[in-house]
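K.L.:
This is the content of entry_23.txt (compact mmCIF, C-alpha atoms):
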# COMPACT_ATOMS: atom_id res chain seq x y z
CA MET A 1 55.81 122.30 69.91
CA THR A 2 59.34 122.24 71.24
CA ILE A 3 62.78 123.10 69.81
CA LEU A 4 65.34 120.41 70.66
CA VAL A 5 68.92 121.64 71.10
CA ILE A 6 71.63 118.99 70.77
CA GLY A 7 75.10 120.18 71.72
CA ALA A 8 73.67 122.57 74.30
CA THR A 9 76.48 122.43 76.86
CA GLY A 10 79.26 123.78 74.65
CA ARG A 11 80.36 127.31 73.81
CA VAL A 12 77.87 127.78 70.98
CA GLY A 13 75.04 125.60 72.26
CA ARG A 14 74.67 127.42 75.57
CA HIS A 15 74.33 130.72 73.73
CA VAL A 16 71.74 129.14 71.41
CA VAL A 17 69.65 128.08 74.40
CA ASP A 18 69.90 131.54 75.94
CA GLN A 19 68.90 133.22 72.67
CA LEU A 20 65.89 130.93 72.29
CA VAL A 21 64.78 131.51 75.88
CA ARG A 22 64.98 135.28 75.35
CA ARG A 23 62.61 134.78 72.43
CA GLU A 24 60.22 132.78 74.64
CA ALA A 25 60.64 129.54 72.72
CA ASP A 26 59.88 126.16 74.27
CA VAL A 27 63.31 124.54 74.54
CA ARG A 28 64.50 121.04 75.35
CA VAL A 29 68.15 120.01 75.62
CA LEU A 30 69.73 116.57 75.49
CA THR A 31 72.66 115.98 77.84
CA ARG A 32 74.51 113.00 79.27
CA ASP A 33 74.45 114.41 82.82
CA PRO A 34 71.42 116.54 83.74
CA ALA A 35 72.84 117.06 87.23
CA LYS A 36 75.61 119.18 85.72
CA ALA A 37 73.30 121.07 83.38
CA ASP A 38 72.71 124.67 84.37
CA PHE A 39 70.11 126.08 82.01
CA PRO A 40 67.57 128.88 82.41
CA ALA A 41 64.31 128.12 84.17
CA GLY A 42 61.74 126.48 81.93
CA VAL A 43 64.25 124.62 79.75
CA GLN A 44 63.40 120.93 79.60
CA VAL A 45 66.37 118.62 80.18
CA ALA A 46 66.43 115.14 78.66
CA GLN A 47 69.12 112.63 79.57
CA GLY A 48 70.97 110.57 76.99
CA ASP A 49 73.55 110.62 74.23
CA LEU A 50 73.47 110.33 70.46
CA LEU A 51 74.16 106.60 70.40
CA ASP A 52 71.33 105.83 72.85
CA ILE A 53 68.43 105.20 70.48
CA ASP A 54 65.75 104.95 73.17
CA ALA A 55 66.88 108.20 74.79
CA LEU A 56 66.97 109.93 71.40
CA ARG A 57 63.48 108.78 70.54
CA ALA A 58 62.20 110.04 73.89
CA ALA A 59 63.98 113.39 73.42
CA PHE A 60 62.26 113.90 70.05
CA SER A 61 58.76 113.35 71.46
CA GLY A 62 56.72 116.51 70.91
CA VAL A 63 59.55 118.24 69.03
CA SER A 64 59.02 120.25 65.85
CA THR A 65 62.47 121.72 65.20
CA LEU A 66 66.07 120.57 65.78
CA PHE A 67 69.36 122.33 66.37
CA LEU A 68 72.17 119.84 65.82
CA LEU A 69 75.75 120.46 66.86
CA ASN A 70 77.91 117.35 66.93
CA ALA A 71 81.10 117.29 68.98
CA VAL A 72 84.30 116.44 67.14
CA THR A 73 84.74 112.80 68.14
CA GLY A 74 85.89 109.63 66.44
CA ASP A 75 82.27 108.62 65.86
CA GLU A 76 80.90 112.05 64.96
CA PHE A 77 79.57 110.88 61.60
CA THR A 78 77.65 107.96 63.12
CA GLN A 79 76.19 110.26 65.77
CA ALA A 80 75.09 112.81 63.17
CA LEU A 81 73.43 110.31 60.84
CA ILE A 82 71.68 108.43 63.64
CA THR A 83 70.33 111.68 65.06
CA LEU A 84 69.01 112.82 61.69
CA ASN A 85 67.45 109.41 61.07
CA ILE A 86 65.66 109.52 64.42
CA ALA A 87 64.54 113.07 63.66
CA ARG A 88 63.10 111.90 60.33
CA GLU A 89 61.42 108.95 62.04
CA ALA A 90 59.83 111.41 64.50
CA GLY A 91 58.56 113.60 61.66
CA VAL A 92 60.96 116.45 62.41
CA ASP A 93 62.11 118.05 59.17
CA ARG A 94 62.88 121.57 60.39
CA VAL A 95 66.59 121.58 61.20
CA VAL A 96 69.41 124.01 61.83
CA TYR A 97 72.70 122.14 61.45
CA LEU A 98 76.07 123.50 62.52
CA SER A 99 78.55 122.52 59.83
CA VAL A 100 81.87 124.23 59.03
CA PHE A 101 83.11 126.75 56.47
CA GLY A 102 84.45 124.97 53.41
CA ALA A 103 82.96 121.60 54.34
CA ASP A 104 82.65 120.71 50.66
CA GLN A 105 86.27 121.59 49.89
CA ALA A 106 88.43 120.39 52.80
CA VAL A 107 87.62 116.77 52.00
CA ASN A 108 90.70 115.35 53.73
CA VAL A 109 89.98 116.93 57.14
CA PRO A 110 87.83 114.40 59.03
CA HIS A 111 85.48 116.73 60.88
CA PHE A 112 85.00 118.85 57.75
CA ALA A 113 84.24 115.81 55.59
CA VAL A 114 81.92 114.40 58.24
CA LYS A 115 79.89 117.60 58.27
CA ARG A 116 79.65 117.58 54.49
CA GLY A 117 78.29 114.03 54.76
CA ALA A 118 75.57 115.21 57.13
CA GLU A 119 74.81 118.12 54.80
CA ARG A 120 74.35 115.63 51.95
CA MET A 121 71.90 113.62 54.02
CA LEU A 122 69.87 116.75 54.77
CA GLU A 123 69.79 117.53 51.05
CA ALA A 124 69.12 114.03 49.75
CA MET A 125 66.42 113.14 52.28
CA ASP A 126 64.42 116.33 51.75
CA PHE A 127 64.82 118.00 55.13
CA GLY A 128 63.91 121.63 55.49
CA ALA A 129 67.20 122.89 56.89
CA THR A 130 69.48 125.81 57.43
CA ILE A 131 73.10 124.70 57.17
CA LEU A 132 75.37 127.06 59.09
CA ARG A 133 79.01 127.07 58.05
CA PRO A 134 81.12 128.95 60.62
CA THR A 135 84.77 129.82 60.13
CA TYR A 136 87.42 129.55 62.85
CA PHE A 137 85.93 130.47 66.24
CA ILE A 138 87.36 133.61 67.83
CA ASP A 139 86.59 131.89 71.15
CA ASN A 140 89.24 129.23 70.38
CA GLU A 141 91.83 131.75 71.49
CA THR A 142 91.06 131.12 75.14
CA MET A 143 92.90 127.80 74.66
CA VAL A 144 96.14 129.59 73.73
CA GLN A 145 95.86 132.73 75.82
CA ASP A 146 98.54 131.57 78.29
CA VAL A 147 101.05 131.16 75.45
CA ILE A 148 100.20 134.64 74.17
CA LEU A 149 100.25 136.35 77.56
CA ASN A 150 103.18 134.52 79.17
CA HIS A 151 105.43 133.72 76.22
CA GLY A 152 104.70 136.51 73.75
CA VAL A 153 103.84 134.16 70.89
CA TYR A 154 100.66 133.66 68.93
CA PRO A 155 100.95 129.90 68.31
CA MET A 156 98.09 129.00 65.96
CA PRO A 157 99.40 128.29 62.43
CA ILE A 158 96.68 130.15 60.54
CA GLY A 159 98.76 131.29 57.57
CA ASP A 160 98.83 134.42 55.43
CA LYS A 161 95.69 133.89 53.34
CA GLY A 162 93.44 135.03 56.20
CA LEU A 163 90.61 133.68 58.34
CA ALA A 164 87.36 135.61 58.81
CA MET A 165 87.13 134.50 62.45
CA VAL A 166 83.63 134.43 63.94
CA ASP A 167 82.38 134.95 67.50
CA ALA A 168 80.33 132.16 69.14
CA ARG A 169 77.70 134.72 70.16
CA ASP A 170 77.10 135.65 66.53
CA ILE A 171 76.89 131.98 65.53
CA ALA A 172 74.35 131.31 68.26
CA GLU A 173 72.15 134.30 67.53
CA VAL A 174 71.94 133.47 63.83
CA ALA A 175 71.13 129.87 64.77
CA ALA A 176 68.34 131.00 67.10
CA LEU A 177 66.88 133.32 64.46
CA GLU A 178 66.85 130.50 61.93
CA LEU A 179 65.34 128.04 64.43
CA ILE A 180 62.52 130.46 65.22
CA ARG A 181 61.98 131.24 61.53
CA ARG A 182 61.66 127.56 60.62
CA HIS A 183 59.67 126.70 63.75
CA ASP A 184 57.11 129.44 63.05
CA ALA A 185 56.80 128.86 59.31
CA PRO A 186 53.44 127.46 58.16
CA GLY A 187 55.25 124.76 56.17
CA LYS A 188 58.67 123.29 55.53
CA LEU A 189 61.13 125.82 54.13
CA PRO A 190 63.77 124.99 51.50
CA ILE A 191 67.37 124.23 52.38
CA GLU A 192 69.61 127.26 52.79
CA THR A 193 73.34 127.49 53.52
CA ILE A 194 74.73 130.47 55.42
CA ASN A 195 78.44 131.21 55.86
CA LEU A 196 79.11 132.52 59.37
CA VAL A 197 82.07 134.88 59.29
CA GLY A 198 83.53 137.71 61.31
CA PRO A 199 84.06 141.36 60.40
CA ASP A 200 87.78 141.01 59.61
CA THR A 201 89.85 138.53 57.60
CA LEU A 202 93.02 138.08 59.65
CA THR A 203 96.39 136.49 58.96
CA GLY A 204 98.78 135.19 61.60
CA ALA A 205 100.73 138.44 61.40
CA ASP A 206 97.50 140.46 61.72
CA VAL A 207 96.50 138.61 64.88
CA ALA A 208 99.94 139.06 66.43
CA ALA A 209 99.73 142.79 65.66
CA ILE A 210 96.35 143.07 67.38
CA TRP A 211 97.72 141.36 70.50
CA SER A 212 100.81 143.60 70.43
CA ASP A 213 98.63 146.69 70.31
CA VAL A 214 96.21 145.51 73.00
CA LEU A 215 98.95 144.37 75.39
CA GLY A 216 101.38 147.19 74.65
CA ARG A 217 104.30 144.81 74.08
CA PRO A 218 105.53 142.71 71.16
CA ILE A 219 103.68 139.49 70.35
CA VAL A 220 105.15 137.48 67.48
CA TYR A 221 103.46 135.03 65.16
CA GLY A 222 104.75 131.49 65.67
CA GLY A 223 104.74 130.79 61.95
CA ASP A 224 103.15 128.38 59.51
CA ASP A 225 104.16 125.06 61.06
CA PRO A 226 101.27 122.58 61.16
CA ALA A 227 103.67 119.71 61.93
CA GLY A 228 105.00 121.49 65.01
CA PHE A 229 101.44 122.34 65.99
CA GLU A 230 100.54 118.65 65.81
CA ALA A 231 103.49 117.75 68.02
CA ASN A 232 102.44 120.30 70.64
CA MET A 233 98.82 119.18 70.58
CA ALA A 234 99.84 115.53 70.95
CA THR A 235 101.33 116.28 74.37
CA PHE A 236 97.84 116.65 75.85
CA LEU A 237 95.35 115.43 73.24
CA PRO A 238 94.79 111.99 71.68
CA ARG A 239 97.14 111.42 68.75
CA TRP A 240 94.31 111.18 66.23
CA THR A 241 92.93 114.53 67.45
CA ALA A 242 96.34 116.20 67.18
CA TYR A 243 96.78 114.83 63.66
CA GLU A 244 93.34 116.04 62.63
CA MET A 245 94.18 119.51 63.95
CA ARG A 246 97.32 119.43 61.82
CA LEU A 247 95.25 118.64 58.72
CA MET A 248 92.92 121.54 59.59
CA ALA A 249 95.87 123.90 60.08
CA GLU A 250 97.31 122.85 56.72
CA ARG A 251 94.03 123.96 55.14
CA TYR A 252 94.21 127.30 56.97
CA VAL A 253 97.69 127.84 55.55
CA SER A 254 96.89 126.70 52.01
CA ASP A 255 93.39 128.15 51.57
CA GLY A 256 92.45 130.42 54.45
CA MET A 257 88.77 131.05 55.19
CA ILE A 258 87.73 133.90 52.94
CA PRO A 259 84.13 135.18 52.95
CA ALA A 260 82.13 135.20 49.76
CA GLN A 261 80.74 138.47 48.48
CA GLY A 262 77.73 139.43 50.59
CA ASP A 263 78.40 137.06 53.52
CA ARG A 264 79.06 139.82 56.04
CA GLU A 265 76.22 141.98 54.79
CA GLN A 266 73.76 139.09 55.10
CA LEU A 267 74.76 138.51 58.73
CA THR A 268 74.65 142.13 59.81
CA THR A 269 71.23 142.47 58.20
CA MET A 270 69.96 139.39 60.03
CA LEU A 271 71.37 140.50 63.38
CA GLY A 272 70.61 144.19 62.99
CA ARG A 273 74.01 145.08 64.46
CA PRO A 274 77.74 144.83 63.71
CA LEU A 275 79.52 141.51 64.08
CA HIS A 276 81.76 140.91 67.09
CA GLY A 277 85.43 141.28 66.19
CA TYR A 278 88.74 139.78 67.26
CA ARG A 279 90.03 142.87 69.06
CA GLU A 280 87.03 142.82 71.39
CA MET A 281 87.96 139.29 72.52
CA ALA A 282 91.64 140.20 72.93
CA GLN A 283 90.73 143.21 75.08
CA ARG A 284 88.46 141.04 77.22
CA ILE A 285 91.21 138.47 77.83
CA ALA A 286 93.75 141.21 78.52
CA GLY A 287 91.39 142.99 80.91
CA VAL A 288 91.64 146.33 79.14
As structure tokens, what does this structure read like?
P.N.:
Amino acid sequence: MTILVIGATGRVGRHVVDQLVRREADVRVLTRDPAKADFPAGVQVAQGDLLDIDALRAAFSGVSTLFLLNAVTGDEFTQALITLNIAREAGVDRVVYLSVFGADQAVNVPHFAVKRGAERMLEAMDFGATILRPTYFIDNETMVQDVILNHGVYPMPIGDKGLAMVDARDIAEVAALELIRRHDAPGKLPIETINLVGPDTLTGADVAAIWSDVLGRPIVYGGDDPAGFEANMATFLPRWTAYEMRLMAERYVSDGMIPAQGDREQLTTMLGRPLHGYREMAQRIAGV
């Protein structure tokens, strides 16, 4: 039986596919454009999207286990619920779902609330599922690296509570381990929620200090200004997306993303190695 990976072309999904292939799993991916898909040999590629019911049904044929990562879009909730309904229709109840840290608390942030809605469906409709709740992605920093390197400012308004930023490679490897565990289990396993966090809880000032040290010159934190962040994002993103990012940033500033006791220990035990940290990413971008 096959593991279906939805969201396979993004930063996390590609790593999930690679991790599964390394573990000799039978993998199928769903993508809108197979011609642009560049996956390892042996990976089955199905064409379609999450609002194409016929394509979804075909993609689930012969599948036992699902990895679901929904892109942040205006119809994310519809896509998530339709996909889970088609999975249930196909008899697939072994799921690893990529949610977000604090999905049950940040109820005013659309893509947080959407993910909590999908979590509730998994719970209420008796899926066997691992719900993964990652914090802020370390890999997001590639989007602002030019501002850091060329203007000496760390521009993300992440506040002074701290975010336990997580690396996409760690997210993907935990996802693959959980997919294999559920796939290989003799029966459906109970629902479990895992917080995916990084090794350090960093404030805006902490991040600026890391960049200053790595680059050998001062990098300043741009400050806690979600409104200004929205205005900047709106110059190149849809207005609704920029506003949603403001709401997310307001939550970073007010609440942070603080690991629960035991979160880090659980992950390092699962992975059998230390978690990837922020400085490693900064050094990679800086070329040092």
K.L.:
What does the distance from atom CA of A:Thr78 to atom CA of A:Gly7 come to in Å, to one decimal?
P.N.:
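Calculated distance between atom CA of A:Thr78 and atom CA of A:Gly7 is 15.2 Å.
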K.L.:
Please report the interatomic distance between atom CA of A:Phe60 and atom CA of A:Ile194 in Å with one decimal.
P.N.:
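Answer for the atom CA of A:Phe60 to atom CA of A:Ile194 separation: 25.4 Å.
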K.L.:
Have a look at atom CA of A:Leu271 and atom CA of A:Thr193 and let me know their distance in Å, one decimal.
P.N.:
16.4 Å
K.L.:
Which one of A:Met248, A:Leu189, A:Leu275, A:Val288 sits closest to A:Gly216 if you count all atoms listed in the file?
P.N.:
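Using all atoms listed in the file, A:Gly216 sits closest to A:Val288.
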K.L.:
List every protein, DNA or RNA residue that has at least one atom no more than 6 Å from (76.9, 123.3, 66.7) in the file's coordinates, counting all atoms listed in the file, and write the result as a list in words.
P.N.:
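Protein and nucleic acid residues near the point are Leu68, Leu69 and Leu98 of chain A.
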K.L.:
Using all atoms listed in the file, which of A:Ile180, A:Ala227, A:Val12, A:Met270 sits nearest A:Ala242?
P.N.:
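Smallest distance to A:Ala242 is found for A:Ala227.
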K.L.:
Give me the residues within 9 Å of A:Asp139 as a list in words, counting only C-alpha atoms and dropping any in the same chain fewer than 5 places off.
P.N.:
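Residues near the query, excluding close chain neighbours: Arg11, Val166, Asp167, Ala168 and Met281 of chain A.
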K.L.:
Closest to A:Met245 among A:Ile6, A:Val72, A:Val144, A:Ala175, using all atoms listed in the file?
P.N.:
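For A:Met245, the nearest of the given residues is A:Val72.
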K.L.:
Give me, as an NGL selection string, all polymer residues having an atom no more than 7 Å from A:Asp93, counting only C-alpha atoms and skipping those fewer than 4 positions away in the same chain.
P.N.:
:A and (88 or 127-128)
